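Undergrad: Structure supplied as my_file_0.cif; contents: mmCIF, C-alpha atoms.
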data_upload
loop_
_atom_site.label_atom_id
_atom_site.label_comp_id
_atom_site.auth_asym_id
_atom_site.auth_seq_id
_atom_site.Cartn_x
_atom_site.Cartn_y
_atom_site.Cartn_z
CA MET L 296 -6.44 -14.68 -28.49
CA LEU L 297 -9.47 -16.07 -26.69
CA GLY L 298 -11.52 -13.06 -27.80
CA LEU L 299 -10.60 -13.67 -31.44
CA VAL L 300 -11.42 -17.38 -31.11
CA LEU L 301 -14.85 -16.56 -29.68
CA GLU L 302 -15.56 -14.15 -32.52
CA LYS L 303 -14.53 -16.76 -35.10
CA ILE L 304 -16.65 -19.54 -33.58
CA THR L 305 -19.80 -17.47 -33.00
CA ALA L 306 -19.51 -15.05 -35.93
CA LYS L 307 -20.37 -12.28 -33.49
CA PRO L 308 -18.31 -9.32 -32.22
CA LEU L 309 -16.84 -9.89 -28.76
CA ALA L 310 -18.60 -6.78 -27.44
CA GLN L 311 -21.96 -8.29 -28.42
CA LEU L 312 -21.08 -11.66 -26.87
CA LEU L 313 -20.07 -10.11 -23.56
CA ASN L 314 -23.26 -8.10 -23.44
CA GLU L 315 -25.51 -11.06 -24.30
CA LEU L 316 -23.83 -13.69 -22.12
CA ILE L 317 -22.73 -11.66 -19.10
CA PHE L 318 -23.53 -7.96 -18.80
CA SER L 319 -27.24 -8.04 -19.64
CA LYS L 320 -27.86 -11.16 -17.53
CA ALA L 321 -26.13 -9.58 -14.54
CA GLY L 322 -27.92 -6.24 -14.97
CA MET L 323 -24.62 -4.47 -15.70
CA ASN L 324 -26.17 -1.75 -17.85
CA SER L 325 -23.18 0.62 -17.67
CA THR L 326 -20.57 -1.96 -18.66
CA HIS L 327 -19.31 -2.67 -22.17
CA LEU L 328 -16.22 -3.43 -24.22
CA GLN L 329 -14.73 -0.24 -25.64
CA THR L 330 -14.35 -0.76 -29.37
CA ASP L 331 -14.28 2.69 -30.94
CA MET L 332 -13.36 6.31 -30.31
CA SER L 333 -16.82 7.44 -29.21
CA ILE L 334 -17.06 9.71 -26.17
CA ILE L 335 -18.25 7.71 -23.16
CA LYS L 336 -20.61 9.59 -20.87
CA GLY L 337 -19.29 9.83 -17.32
CA MET L 338 -15.84 8.43 -18.09
CA VAL L 339 -13.18 10.26 -16.09
CA PRO L 340 -9.87 11.42 -17.61
CA SER L 341 -6.72 9.52 -16.71
CA TYR L 342 -3.30 10.62 -15.51
CA ARG L 343 0.26 9.32 -15.49
CA TYR L 344 3.10 10.21 -13.16
CA ASN L 345 5.92 12.06 -14.90
CA PHE L 346 9.09 10.68 -13.27
CA VAL L 347 11.35 13.40 -14.66
CA LYS L 348 9.20 16.39 -13.65
CA ALA L 349 7.80 14.66 -10.54
CA ARG L 350 4.23 15.64 -11.28
CA TYR L 351 1.07 14.22 -12.84
CA ASP L 352 0.38 14.76 -16.54
CA ASN L 353 -2.50 13.69 -18.72
CA ALA L 354 -2.04 10.04 -19.66
CA GLU L 355 -0.86 9.27 -23.17
CA PHE L 356 -3.45 8.35 -25.78
CA ARG L 357 -4.51 4.71 -25.95
CA HIS L 358 -6.55 3.37 -28.86
CA PRO L 359 -9.29 0.92 -27.75
CA SER L 360 -7.99 -1.76 -30.14
CA THR L 361 -4.77 -2.12 -28.13
CA THR L 362 -6.55 -3.85 -25.24
CA PHE L 363 -9.57 -5.59 -26.82
CA ALA L 364 -10.33 -8.78 -24.84
CA THR L 365 -7.40 -8.41 -22.47
CA GLY L 366 -8.48 -5.21 -20.72
CA GLY L 367 -10.87 -3.09 -22.73
CA ILE L 368 -13.97 -3.32 -20.53
CA ILE L 369 -15.43 -0.05 -19.24
CA SER L 370 -17.44 -0.30 -16.02
CA ASN L 371 -18.23 1.40 -12.71
CA ILE L 372 -18.52 0.54 -9.04
CA ASN L 373 -22.24 -0.24 -9.10
CA ASP L 374 -21.94 -2.67 -12.01
CA LEU L 375 -18.91 -4.40 -10.53
CA LEU L 376 -20.86 -4.90 -7.32
CA LYS L 377 -23.56 -6.60 -9.41
CA TRP L 378 -20.81 -8.77 -10.93
CA ASP L 379 -19.64 -9.74 -7.47
CA ARG L 380 -23.15 -10.57 -6.25
CA VAL L 381 -24.08 -12.65 -9.30
CA LEU L 382 -21.02 -14.87 -8.75
CA TYR L 383 -22.72 -16.19 -5.61
CA THR L 384 -25.63 -17.45 -7.74
CA ASN L 385 -26.20 -19.85 -10.64
CA LYS L 386 -27.29 -17.05 -12.95
CA LEU L 387 -24.09 -17.10 -15.00
CA LEU L 388 -22.24 -20.20 -13.80
CA SER L 389 -23.23 -23.45 -12.14
CA GLN L 390 -21.98 -24.28 -8.65
CA PRO L 391 -19.33 -26.76 -9.96
CA ASP L 392 -18.02 -24.14 -12.39
CA ARG L 393 -17.85 -21.53 -9.65
CA ASP L 394 -16.03 -23.97 -7.40
CA ARG L 395 -13.41 -24.45 -10.12
CA LEU L 396 -13.20 -20.70 -10.66
CA PHE L 397 -12.03 -20.10 -7.10
CA ASP L 398 -10.30 -23.42 -6.44
CA VAL L 399 -7.34 -22.53 -4.23
CA GLN L 400 -5.59 -25.71 -5.35
CA GLN L 401 -5.12 -24.21 -8.80
CA GLY L 402 -2.21 -22.12 -7.52
CA LYS L 403 -1.61 -18.41 -7.40
CA ALA L 404 -4.00 -17.70 -10.24
CA ALA L 405 -7.09 -19.81 -10.83
CA PHE L 406 -8.94 -18.95 -14.03
CA GLY L 407 -8.01 -15.27 -13.75
CA TRP L 408 -8.64 -14.94 -10.01
CA ARG L 409 -5.59 -14.91 -7.77
CA ASN L 410 -5.98 -16.39 -4.33
CA GLY L 411 -4.30 -16.04 -0.99
CA HIS L 412 -4.86 -14.81 2.55
CA MET L 413 -5.18 -11.47 4.26
CA ASP L 414 -2.00 -10.25 5.93
CA ASN L 415 -1.37 -12.16 9.19
CA LYS L 416 -4.76 -13.85 8.96
CA ASN L 417 -6.20 -17.10 7.70
CA THR L 418 -9.04 -15.35 5.90
CA GLN L 419 -9.17 -16.56 2.29
CA ILE L 420 -9.38 -13.86 -0.40
CA VAL L 421 -9.46 -13.91 -4.19
CA TRP L 422 -8.68 -10.90 -6.31
CA HIS L 423 -8.05 -9.65 -9.81
CA GLY L 424 -6.33 -6.44 -10.85
CA GLY L 425 -6.21 -4.52 -14.07
CA LEU L 426 -4.28 -1.60 -15.46
CA VAL L 427 -4.08 0.25 -18.74
CA THR L 428 -2.72 3.65 -19.62
CA GLY L 429 -3.74 6.01 -16.82
CA TYR L 430 -6.14 3.63 -15.06
CA ARG L 431 -5.87 0.97 -12.38
CA ALA L 432 -8.53 -1.32 -10.91
CA GLN L 433 -8.75 -4.11 -8.37
CA ILE L 434 -11.58 -6.27 -7.07
CA THR L 435 -10.98 -8.37 -3.95
CA ARG L 436 -13.50 -10.85 -2.55
CA VAL L 437 -13.69 -12.45 0.91
CA LEU L 438 -15.71 -15.48 -0.10
CA ASP L 439 -16.71 -16.92 3.27
CA LYS L 440 -18.04 -13.51 4.41
CA GLN L 441 -19.36 -12.43 0.99
CA GLN L 442 -17.45 -9.17 1.33
CA VAL L 443 -15.96 -7.30 -1.60
CA VAL L 444 -13.64 -4.32 -2.03
CA ILE L 445 -13.75 -2.67 -5.47
CA LEU L 446 -11.17 -0.02 -6.27
CA LEU L 447 -11.22 2.04 -9.46
CA THR L 448 -8.75 4.86 -10.01
CA ASN L 449 -7.64 7.11 -12.85
CA GLN L 450 -3.98 7.02 -11.80
CA ARG L 451 -2.09 3.93 -12.93
CA ASP L 452 0.51 4.18 -10.12
CA THR L 453 -2.07 4.11 -7.31
CA ASN L 454 -1.18 1.62 -4.56
CA ALA L 455 -4.34 -0.40 -5.21
CA ASN L 456 -3.21 -3.41 -3.21
CA GLY L 457 -2.19 -1.32 -0.19
CA ILE L 458 -5.48 0.60 -0.10
CA THR L 459 -7.48 -2.59 -0.54
CA HIS L 460 -5.75 -4.34 2.36
CA GLU L 461 -6.33 -1.33 4.63
CA ILE L 462 -10.06 -1.49 3.82
CA LEU L 463 -10.10 -5.25 4.39
CA SER L 464 -8.44 -4.70 7.76
CA ILE L 465 -11.16 -2.23 8.71
CA LEU L 466 -13.84 -4.73 7.67
CA ALA L 467 -12.10 -7.34 9.81
CA GLY L 468 -12.31 -5.04 12.84
CA ASP L 469 -8.63 -4.18 13.00
CA GLU L 470 -7.33 -0.83 14.13
CA THR L 471 -7.47 1.69 11.29
CA THR L 472 -4.26 3.06 9.82
CA THR L 473 -3.35 5.56 7.14
CA VAL L 474 -1.99 4.38 3.81
CA LYS L 475 1.64 5.44 3.71
CA ARG L 476 3.12 7.90 1.24
CA SER L 477 5.34 6.84 -1.66
CA LEU L 478 9.04 7.08 -0.84
CA MET L 479 9.88 6.81 -4.53
CA LYS L 480 7.78 9.87 -5.41
CA GLU L 481 9.29 11.88 -2.57
CA VAL L 482 12.79 11.06 -3.85
CA LEU L 483 11.81 11.98 -7.41
CA TRP L 484 10.29 15.29 -6.26
CA TYR L 485 13.49 16.28 -4.47
CA SER L 486 15.53 15.15 -7.46
CA ALA L 487 13.47 17.30 -9.84
CA HIS L 488 13.29 20.41 -7.66
CA LYS L 489 16.40 20.38 -5.46
CA GLY L 490 18.85 17.98 -7.13
CA SER L 491 20.21 14.50 -6.52
CA GLU L 492 22.17 15.37 -3.38
CA ALA L 493 19.04 16.72 -1.72
CA ALA L 494 17.07 13.66 -2.86
CA ILE L 495 19.63 11.32 -1.26
CA LYS L 496 19.64 13.32 1.95
CA ARG L 497 15.85 13.22 2.07
CA PHE L 498 15.87 9.46 1.45
CA ASP L 499 18.23 8.85 4.37
CA GLN L 500 16.13 11.08 6.61
CA ILE L 501 12.93 9.17 5.80
CA VAL L 502 14.52 5.74 6.27
CA LYS L 503 15.86 6.81 9.65
CA ASN L 504 13.01 8.85 11.10
CA GLU L 505 9.77 8.68 9.05
CA GLN L 506 8.87 5.03 8.54
CA ASP L 507 5.43 5.63 10.03
CA THR L 508 4.67 8.15 7.28
CA PHE L 509 6.32 6.62 4.21
CA ASP L 510 6.21 3.15 2.73
CA VAL L 511 9.88 2.35 3.32
CA VAL L 512 10.79 -0.55 1.04
CA ASP L 513 14.45 -1.09 0.23
CA THR L 514 13.81 -0.98 -3.53
CA GLU L 515 12.12 2.44 -3.65
CA LEU L 516 15.32 4.43 -4.29
CA LEU L 517 16.40 1.87 -6.88
CA VAL L 518 13.07 2.12 -8.71
CA ALA L 519 13.35 5.92 -8.74
CA ALA L 520 16.81 5.65 -10.29
CA LEU L 521 15.63 3.12 -12.88
CA GLU L 522 12.71 5.32 -13.90
CA LEU L 523 15.01 8.32 -14.36
CA LYS L 524 17.45 6.23 -16.38
CA ASN L 525 14.66 4.86 -18.57
CA ASP L 526 13.56 8.43 -19.28
CA GLY L 527 17.10 9.40 -20.26
CA VAL L 528 18.02 11.48 -17.20
CA CYS L 529 21.21 9.65 -16.25
CA VAL L 530 22.73 12.72 -14.61
CA ARG L 531 20.11 12.37 -11.88
CA ALA L 532 19.94 8.58 -11.89
CA LYS L 533 23.65 7.82 -11.35
CA PRO L 534 23.95 9.33 -7.84
CA LEU L 535 20.80 7.45 -6.76
CA PHE L 536 22.15 4.15 -8.10
CA ALA L 537 25.46 4.68 -6.30
CA HIS L 538 23.80 5.59 -3.00
CA TRP L 539 21.42 2.64 -3.20
CA ILE L 540 24.31 0.23 -3.71
CA ALA L 541 26.10 1.74 -0.71
CA SER L 542 22.94 1.45 1.39
CA TYR L 543 22.00 -2.12 0.38
CA PRO L 544 25.20 -3.83 -0.80
CA LYS L 545 23.90 -7.34 -0.08
CA SER L 546 20.50 -6.92 -1.72
CA GLU L 547 19.42 -9.50 -4.27
CA TYR L 548 18.67 -6.56 -6.59
CA ALA L 549 22.18 -5.12 -6.48
CA GLN L 550 22.85 -6.24 -10.05
CA TYR L 551 20.02 -4.01 -11.29
CA ALA L 552 21.76 -0.99 -9.78
CA LEU L 553 25.15 -2.02 -11.16
CA ASP L 554 23.64 -2.52 -14.61
CA GLY L 555 21.96 0.88 -14.27
CA LEU L 556 25.27 2.53 -13.54
CA LYS L 557 26.91 0.80 -16.49
CA GLY L 558 24.07 1.89 -18.75
CA CYS L 559 24.49 5.54 -17.79
CA PRO L 560 27.41 7.20 -19.63
#
Do you think you could lay out the structure here as structure tokens?
TA:
Amino acid sequence: MLGLVLEKITAKPLAQLLNELIFSKAGMNSTHLQTDMSIIKGMVPSYRYNFVKARYDNAEFRHPSTTFATGGIISNINDLLKWDRVLYTNKLLSQPDRDRLFDVQQGKAAFGWRNGHMDNKNTQIVWHGGLVTGYRAQITRVLDKQQVVILLTNQRDTNANGITHEILSILAGDETTTVKRSLMKEVLWYSAHKGSEAAIKRFDQIVKNEQDTFDVVDTELLVAALELKNDGVCVRAKPLFAHWIASYPKSEYAQYALDGLKGCP
């Protein structure tokens, strides 16, 4: 809506406005708003995770008009670093405006930037994430240290937040760790290749013995079941729903599993 309002007021296309007011001033020469079907030099293909086949496929087609002002900007790491650096200057915004932009009193999201603290630390961070078909991005700034972590990936299901926090921990001098594997994807792989019984057995094995390797969150099996149900594979989803309910009967998400079972004939 804001993009349409700007076009109406200025009588200029949003792509031109962004370039004149932001990108060119910040030296972001490889950044623009995607507005047509032209081939973009250097743009990588994108992928989506197929929950039924437990593999990656090419992402479905997305027309540029579907995102417009809400997420249609094409950029790269070098340009986003320029964006980060320019936000420490008055080149685009005055100091009072920048103070408002990152005002932690605004709540969880202040003018597009979310704010909070690093895990188990008092270090203030602000971040913004984006995702469209097949792509995921996140920029996280440590304002008092002028540090930034920029993550761009061509897989929408990438654990952007987890990877970012591991990098921030390294920058903070903490002991390095390895980003854990997806328990949901492991369950889906076993479901697709060995059946639901094998998937449940593998889930129990991971929860009991492999928490250092997998990201063991109590909703992972439930999410796997929901994804299978949504894709119409109830014969695989029902055993996962039932096992999840048996494993976490007091969970606040139990109703989701019960509804999933009811929705599977």
Undergrad: Convert the output of the PyMOL selection byres ((chain L and resi 441-456) around 8) on the shown file into explicit residues, formatted as number ranges by chain.
TA: L: 339-344, 371-372, 375-376, 379, 426-440, 457-460, 462-463
Undergrad: Those selected residues, please, written with C-alpha atoms and delivered as a PDB file, keeping the file's coordinate frame.
TA:
ATOM      1  CA  VAL L 339     -13.180  10.260 -16.090  1.00  0.00           C
ATOM      2  CA  PRO L 340      -9.870  11.420 -17.610  1.00  0.00           C
ATOM      3  CA  SER L 341      -6.720   9.520 -16.710  1.00  0.00           C
ATOM      4  CA  TYR L 342      -3.300  10.620 -15.510  1.00  0.00           C
ATOM      5  CA  ARG L 343       0.260   9.320 -15.490  1.00  0.00           C
ATOM      6  CA  TYR L 344       3.100  10.210 -13.160  1.00  0.00           C
ATOM      7  CA  ASN L 371     -18.230   1.400 -12.710  1.00  0.00           C
ATOM      8  CA  ILE L 372     -18.520   0.540  -9.040  1.00  0.00           C
ATOM      9  CA  LEU L 375     -18.910  -4.400 -10.530  1.00  0.00           C
ATOM     10  CA  LEU L 376     -20.860  -4.900  -7.320  1.00  0.00           C
ATOM     11  CA  ASP L 379     -19.640  -9.740  -7.470  1.00  0.00           C
ATOM     12  CA  LEU L 426      -4.280  -1.600 -15.460  1.00  0.00           C
ATOM     13  CA  VAL L 427      -4.080   0.250 -18.740  1.00  0.00           C
ATOM     14  CA  THR L 428      -2.720   3.650 -19.620  1.00  0.00           C
ATOM     15  CA  GLY L 429      -3.740   6.010 -16.820  1.00  0.00           C
ATOM     16  CA  TYR L 430      -6.140   3.630 -15.060  1.00  0.00           C
ATOM     17  CA  ARG L 431      -5.870   0.970 -12.380  1.00  0.00           C
ATOM     18  CA  ALA L 432      -8.530  -1.320 -10.910  1.00  0.00           C
ATOM     19  CA  GLN L 433      -8.750  -4.110  -8.370  1.00  0.00           C
ATOM     20  CA  ILE L 434     -11.580  -6.270  -7.070  1.00  0.00           C
ATOM     21  CA  THR L 435     -10.980  -8.370  -3.950  1.00  0.00           C
ATOM     22  CA  ARG L 436     -13.500 -10.850  -2.550  1.00  0.00           C
ATOM     23  CA  VAL L 437     -13.690 -12.450   0.910  1.00  0.00           C
ATOM     24  CA  LEU L 438     -15.710 -15.480  -0.100  1.00  0.00           C
ATOM     25  CA  ASP L 439     -16.710 -16.920   3.270  1.00  0.00           C
ATOM     26  CA  LYS L 440     -18.040 -13.510   4.410  1.00  0.00           C
ATOM     27  CA  GLY L 457      -2.190  -1.320  -0.190  1.00  0.00           C
ATOM     28  CA  ILE L 458      -5.480   0.600  -0.100  1.00  0.00           C
ATOM     29  CA  THR L 459      -7.480  -2.590  -0.540  1.00  0.00           C
ATOM     30  CA  HIS L 460      -5.750  -4.340   2.360  1.00  0.00           C
ATOM     31  CA  ILE L 462     -10.060  -1.490   3.820  1.00  0.00           C
ATOM     32  CA  LEU L 463     -10.100  -5.250   4.390  1.00  0.00           C
TER      33      LEU L 463
END
Undergrad: Nearest to Lys533 in chain L: which of L:Leu316, L:Val421, L:Val300, L:Ala552 is it, counting all atoms listed in the file?
TA: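 Smallest distance to Lys533 in chain L is found for L:Ala552.
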Undergrad: Separation of CA of Phe509 in chain L and CA of Leu478 in chain L, in Å?
TA: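 A separation of 5.8 Å between them.
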Undergrad: Given the file shown, enumerate the residues that the PyMOL selection byres ((chain L and resi 328) around 7) captures and present them as a list in words.
TA: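 On the file shown, the PyMOL selection byres ((chain L and resi 328) around 7) covers Ala310, His327, Gln329, Thr330, Gly367, Ile368 and Ile369 of chain L.
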Undergrad: Decode the PyMOL selection byres ((chain L and resi 558) around 10) for the given file into explicit residues and return them as a list in words.
TA: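 For this structure, the PyMOL selection byres ((chain L and resi 558) around 10) resolves to Lys524, Asn525, Cys529, Lys533, Ala552, Leu553, Asp554, Gly555, Leu556, Lys557, Cys559 and Pro560 of chain L.
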Undergrad: In terms of the shortest atom-to-atom distance over only C-alpha atoms, which of L:Ser360, L:Ser389, L:Ser333, L:Thr326 is closest to Gln311 in chain L?
TA: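 The closest residue to Gln311 in chain L is L:Thr326.
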Undergrad: Hey, which of L:Ala532, L:Val482, L:Ile465, L:Val474 ends up closest to Ala349 in chain L? Count all atoms listed in the file.
TA: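 Among L:Ala532, L:Val482, L:Ile465, L:Val474, it is L:Val482 that comes nearest to Ala349 in chain L.
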Undergrad: Give me the residues within 12 Å of Leu387 in chain L as an MDAnalysis selection string, counting all atoms listed in the file and dropping any in the same chain fewer than 4 places off.
TA: chainID L and resid 313 315:322 377:383 391:393
Undergrad: Can I get the selected residues back with C-alpha atoms, as an mmCIF file, in the frame of the given file?
TA:
data_model
loop_
_atom_site.group_PDB
_atom_site.id
_atom_site.type_symbol
_atom_site.label_atom_id
_atom_site.label_comp_id
_atom_site.auth_asym_id
_atom_site.auth_seq_id
_atom_site.Cartn_x
_atom_site.Cartn_y
_atom_site.Cartn_z
ATOM 1 C CA LEU L 313 -20.070 -10.110 -23.560
ATOM 2 C CA GLU L 315 -25.510 -11.060 -24.300
ATOM 3 C CA LEU L 316 -23.830 -13.690 -22.120
ATOM 4 C CA ILE L 317 -22.730 -11.660 -19.100
ATOM 5 C CA PHE L 318 -23.530 -7.960 -18.800
ATOM 6 C CA SER L 319 -27.240 -8.040 -19.640
ATOM 7 C CA LYS L 320 -27.860 -11.160 -17.530
ATOM 8 C CA ALA L 321 -26.130 -9.580 -14.540
ATOM 9 C CA GLY L 322 -27.920 -6.240 -14.970
ATOM 10 C CA LYS L 377 -23.560 -6.600 -9.410
ATOM 11 C CA TRP L 378 -20.810 -8.770 -10.930
ATOM 12 C CA ASP L 379 -19.640 -9.740 -7.470
ATOM 13 C CA ARG L 380 -23.150 -10.570 -6.250
ATOM 14 C CA VAL L 381 -24.080 -12.650 -9.300
ATOM 15 C CA LEU L 382 -21.020 -14.870 -8.750
ATOM 16 C CA TYR L 383 -22.720 -16.190 -5.610
ATOM 17 C CA PRO L 391 -19.330 -26.760 -9.960
ATOM 18 C CA ASP L 392 -18.020 -24.140 -12.390
ATOM 19 C CA ARG L 393 -17.850 -21.530 -9.650
#
Undergrad: Let me make sure I understand: among L:Glu461, L:Glu470, L:Asp352, L:Asp499, which one has the smallest atom-to-atom distance to Ser542 in chain L if we use all atoms listed in the file?
TA: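 Once distances to Ser542 in chain L are computed over all atoms listed in the file, the minimum belongs to L:Asp499.
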Undergrad: Could you tell me how far CA of Met296 in chain L lies from CA of Met338 in chain L, in Å and to one decimal?
TA: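 About the pair CA of Met296 in chain L and CA of Met338 in chain L: they are 27.0 Å apart.
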Undergrad: Name the residues in contact with Leu483 in chain L at a cut-off of 10 Å, using only C-alpha atoms, excluding same-chain residues fewer than 6 positions from it; report them as a PyMOL selection string.
TA: chain L and resi 345-350+489-491+494-495+516+519-520+522-523+531-532
Undergrad: For C-alpha atoms, I'd like the residues from the last selection saved as a PDB file, keeping the file's coordinate frame.
TA:
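So the final result, stored in again.pdb, reads:
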ATOM      1  CA  ASN L 345       5.920  12.060 -14.900  1.00  0.00           C
ATOM      2  CA  PHE L 346       9.090  10.680 -13.270  1.00  0.00           C
ATOM      3  CA  VAL L 347      11.350  13.400 -14.660  1.00  0.00           C
ATOM      4  CA  LYS L 348       9.200  16.390 -13.650  1.00  0.00           C
ATOM      5  CA  ALA L 349       7.800  14.660 -10.540  1.00  0.00           C
ATOM      6  CA  ARG L 350       4.230  15.640 -11.280  1.00  0.00           C
ATOM      7  CA  LYS L 489      16.400  20.380  -5.460  1.00  0.00           C
ATOM      8  CA  GLY L 490      18.850  17.980  -7.130  1.00  0.00           C
ATOM      9  CA  SER L 491      20.210  14.500  -6.520  1.00  0.00           C
ATOM     10  CA  ALA L 494      17.070  13.660  -2.860  1.00  0.00           C
ATOM     11  CA  ILE L 495      19.630  11.320  -1.260  1.00  0.00           C
ATOM     12  CA  LEU L 516      15.320   4.430  -4.290  1.00  0.00           C
ATOM     13  CA  ALA L 519      13.350   5.920  -8.740  1.00  0.00           C
ATOM     14  CA  ALA L 520      16.810   5.650 -10.290  1.00  0.00           C
ATOM     15  CA  GLU L 522      12.710   5.320 -13.900  1.00  0.00           C
ATOM     16  CA  LEU L 523      15.010   8.320 -14.360  1.00  0.00           C
ATOM     17  CA  ARG L 531      20.110  12.370 -11.880  1.00  0.00           C
ATOM     18  CA  ALA L 532      19.940   8.580 -11.890  1.00  0.00           C
TER      19      ALA L 532
END
Undergrad: When you get a chance, write out N, CA and C atoms for range 417-440 of chain L, as a PDB file, keeping the file's coordinate frame.
TA:
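Final output, saved to out-v2.pdb:
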ATOM      1  N   ASN L 417      -5.888 -15.915   8.483  1.00  0.00           N
ATOM      2  CA  ASN L 417      -6.200 -17.100   7.700  1.00  0.00           C
ATOM      3  C   ASN L 417      -7.385 -16.878   6.766  1.00  0.00           C
ATOM      4  N   THR L 418      -7.884 -15.650   6.726  1.00  0.00           N
ATOM      5  CA  THR L 418      -9.040 -15.350   5.900  1.00  0.00           C
ATOM      6  C   THR L 418      -8.686 -15.476   4.415  1.00  0.00           C
ATOM      7  N   GLN L 419      -9.429 -16.324   3.704  1.00  0.00           N
ATOM      8  CA  GLN L 419      -9.170 -16.560   2.290  1.00  0.00           C
ATOM      9  C   GLN L 419      -9.724 -15.404   1.446  1.00  0.00           C
ATOM     10  N   ILE L 420      -8.922 -14.900   0.521  1.00  0.00           N
ATOM     11  CA  ILE L 420      -9.380 -13.860  -0.400  1.00  0.00           C
ATOM     12  C   ILE L 420      -9.020 -14.264  -1.816  1.00  0.00           C
ATOM     13  N   VAL L 421      -9.803 -13.778  -2.772  1.00  0.00           N
ATOM     14  CA  VAL L 421      -9.460 -13.910  -4.190  1.00  0.00           C
ATOM     15  C   VAL L 421      -9.533 -12.519  -4.783  1.00  0.00           C
ATOM     16  N   TRP L 422      -8.689 -12.246  -5.746  1.00  0.00           N
ATOM     17  CA  TRP L 422      -8.680 -10.900  -6.310  1.00  0.00           C
ATOM     18  C   TRP L 422      -8.209 -10.915  -7.762  1.00  0.00           C
ATOM     19  N   HIS L 423      -8.535  -9.845  -8.445  1.00  0.00           N
ATOM     20  CA  HIS L 423      -8.050  -9.650  -9.810  1.00  0.00           C
ATOM     21  C   HIS L 423      -7.799  -8.154 -10.000  1.00  0.00           C
ATOM     22  N   GLY L 424      -6.674  -7.837 -10.595  1.00  0.00           N
ATOM     23  CA  GLY L 424      -6.330  -6.440 -10.850  1.00  0.00           C
ATOM     24  C   GLY L 424      -6.198  -6.165 -12.326  1.00  0.00           C
ATOM     25  N   GLY L 425      -6.366  -4.912 -12.679  1.00  0.00           N
ATOM     26  CA  GLY L 425      -6.210  -4.520 -14.070  1.00  0.00           C
ATOM     27  C   GLY L 425      -5.592  -3.141 -14.168  1.00  0.00           C
ATOM     28  N   LEU L 426      -4.825  -2.929 -15.233  1.00  0.00           N
ATOM     29  CA  LEU L 426      -4.280  -1.600 -15.460  1.00  0.00           C
ATOM     30  C   LEU L 426      -4.033  -1.400 -16.944  1.00  0.00           C
ATOM     31  N   VAL L 427      -4.401  -0.214 -17.395  1.00  0.00           N
ATOM     32  CA  VAL L 427      -4.080   0.250 -18.740  1.00  0.00           C
ATOM     33  C   VAL L 427      -3.580   1.669 -18.585  1.00  0.00           C
ATOM     34  N   THR L 428      -3.276   2.308 -19.678  1.00  0.00           N
ATOM     35  CA  THR L 428      -2.720   3.650 -19.620  1.00  0.00           C
ATOM     36  C   THR L 428      -3.591   4.587 -18.773  1.00  0.00           C
ATOM     37  N   GLY L 429      -3.051   5.017 -17.640  1.00  0.00           N
ATOM     38  CA  GLY L 429      -3.740   6.010 -16.820  1.00  0.00           C
ATOM     39  C   GLY L 429      -4.774   5.464 -15.852  1.00  0.00           C
ATOM     40  N   TYR L 430      -5.098   4.182 -15.924  1.00  0.00           N
ATOM     41  CA  TYR L 430      -6.140   3.630 -15.060  1.00  0.00           C
ATOM     42  C   TYR L 430      -5.623   2.397 -14.320  1.00  0.00           C
ATOM     43  N   ARG L 431      -6.193   2.173 -13.139  1.00  0.00           N
ATOM     44  CA  ARG L 431      -5.870   0.970 -12.380  1.00  0.00           C
ATOM     45  C   ARG L 431      -7.130   0.520 -11.642  1.00  0.00           C
ATOM     46  N   ALA L 432      -7.332  -0.781 -11.567  1.00  0.00           N
ATOM     47  CA  ALA L 432      -8.530  -1.320 -10.910  1.00  0.00           C
ATOM     48  C   ALA L 432      -8.165  -2.575 -10.137  1.00  0.00           C
ATOM     49  N   GLN L 433      -8.943  -2.857  -9.109  1.00  0.00           N
ATOM     50  CA  GLN L 433      -8.750  -4.110  -8.370  1.00  0.00           C
ATOM     51  C   GLN L 433     -10.060  -4.481  -7.687  1.00  0.00           C
ATOM     52  N   ILE L 434     -10.414  -5.751  -7.788  1.00  0.00           N
ATOM     53  CA  ILE L 434     -11.580  -6.270  -7.070  1.00  0.00           C
ATOM     54  C   ILE L 434     -11.098  -7.420  -6.201  1.00  0.00           C
ATOM     55  N   THR L 435     -11.442  -7.370  -4.918  1.00  0.00           N
ATOM     56  CA  THR L 435     -10.980  -8.370  -3.950  1.00  0.00           C
ATOM     57  C   THR L 435     -12.189  -8.899  -3.190  1.00  0.00           C
ATOM     58  N   ARG L 436     -12.328 -10.220  -3.135  1.00  0.00           N
ATOM     59  CA  ARG L 436     -13.500 -10.850  -2.550  1.00  0.00           C
ATOM     60  C   ARG L 436     -13.110 -11.718  -1.353  1.00  0.00           C
ATOM     61  N   VAL L 437     -13.836 -11.566  -0.256  1.00  0.00           N
ATOM     62  CA  VAL L 437     -13.690 -12.450   0.910  1.00  0.00           C
ATOM     63  C   VAL L 437     -14.869 -13.409   0.828  1.00  0.00           C
ATOM     64  N   LEU L 438     -14.624 -14.596   0.294  1.00  0.00           N
ATOM     65  CA  LEU L 438     -15.710 -15.480  -0.100  1.00  0.00           C
ATOM     66  C   LEU L 438     -16.558 -15.962   1.074  1.00  0.00           C
ATOM     67  N   ASP L 439     -15.922 -16.345   2.178  1.00  0.00           N
ATOM     68  CA  ASP L 439     -16.710 -16.920   3.270  1.00  0.00           C
ATOM     69  C   ASP L 439     -17.571 -15.877   3.978  1.00  0.00           C
ATOM     70  N   LYS L 440     -17.241 -14.584   3.803  1.00  0.00           N
ATOM     71  CA  LYS L 440     -18.040 -13.510   4.410  1.00  0.00           C
ATOM     72  C   LYS L 440     -18.873 -12.749   3.374  1.00  0.00           C
TER      73      LYS L 440
END
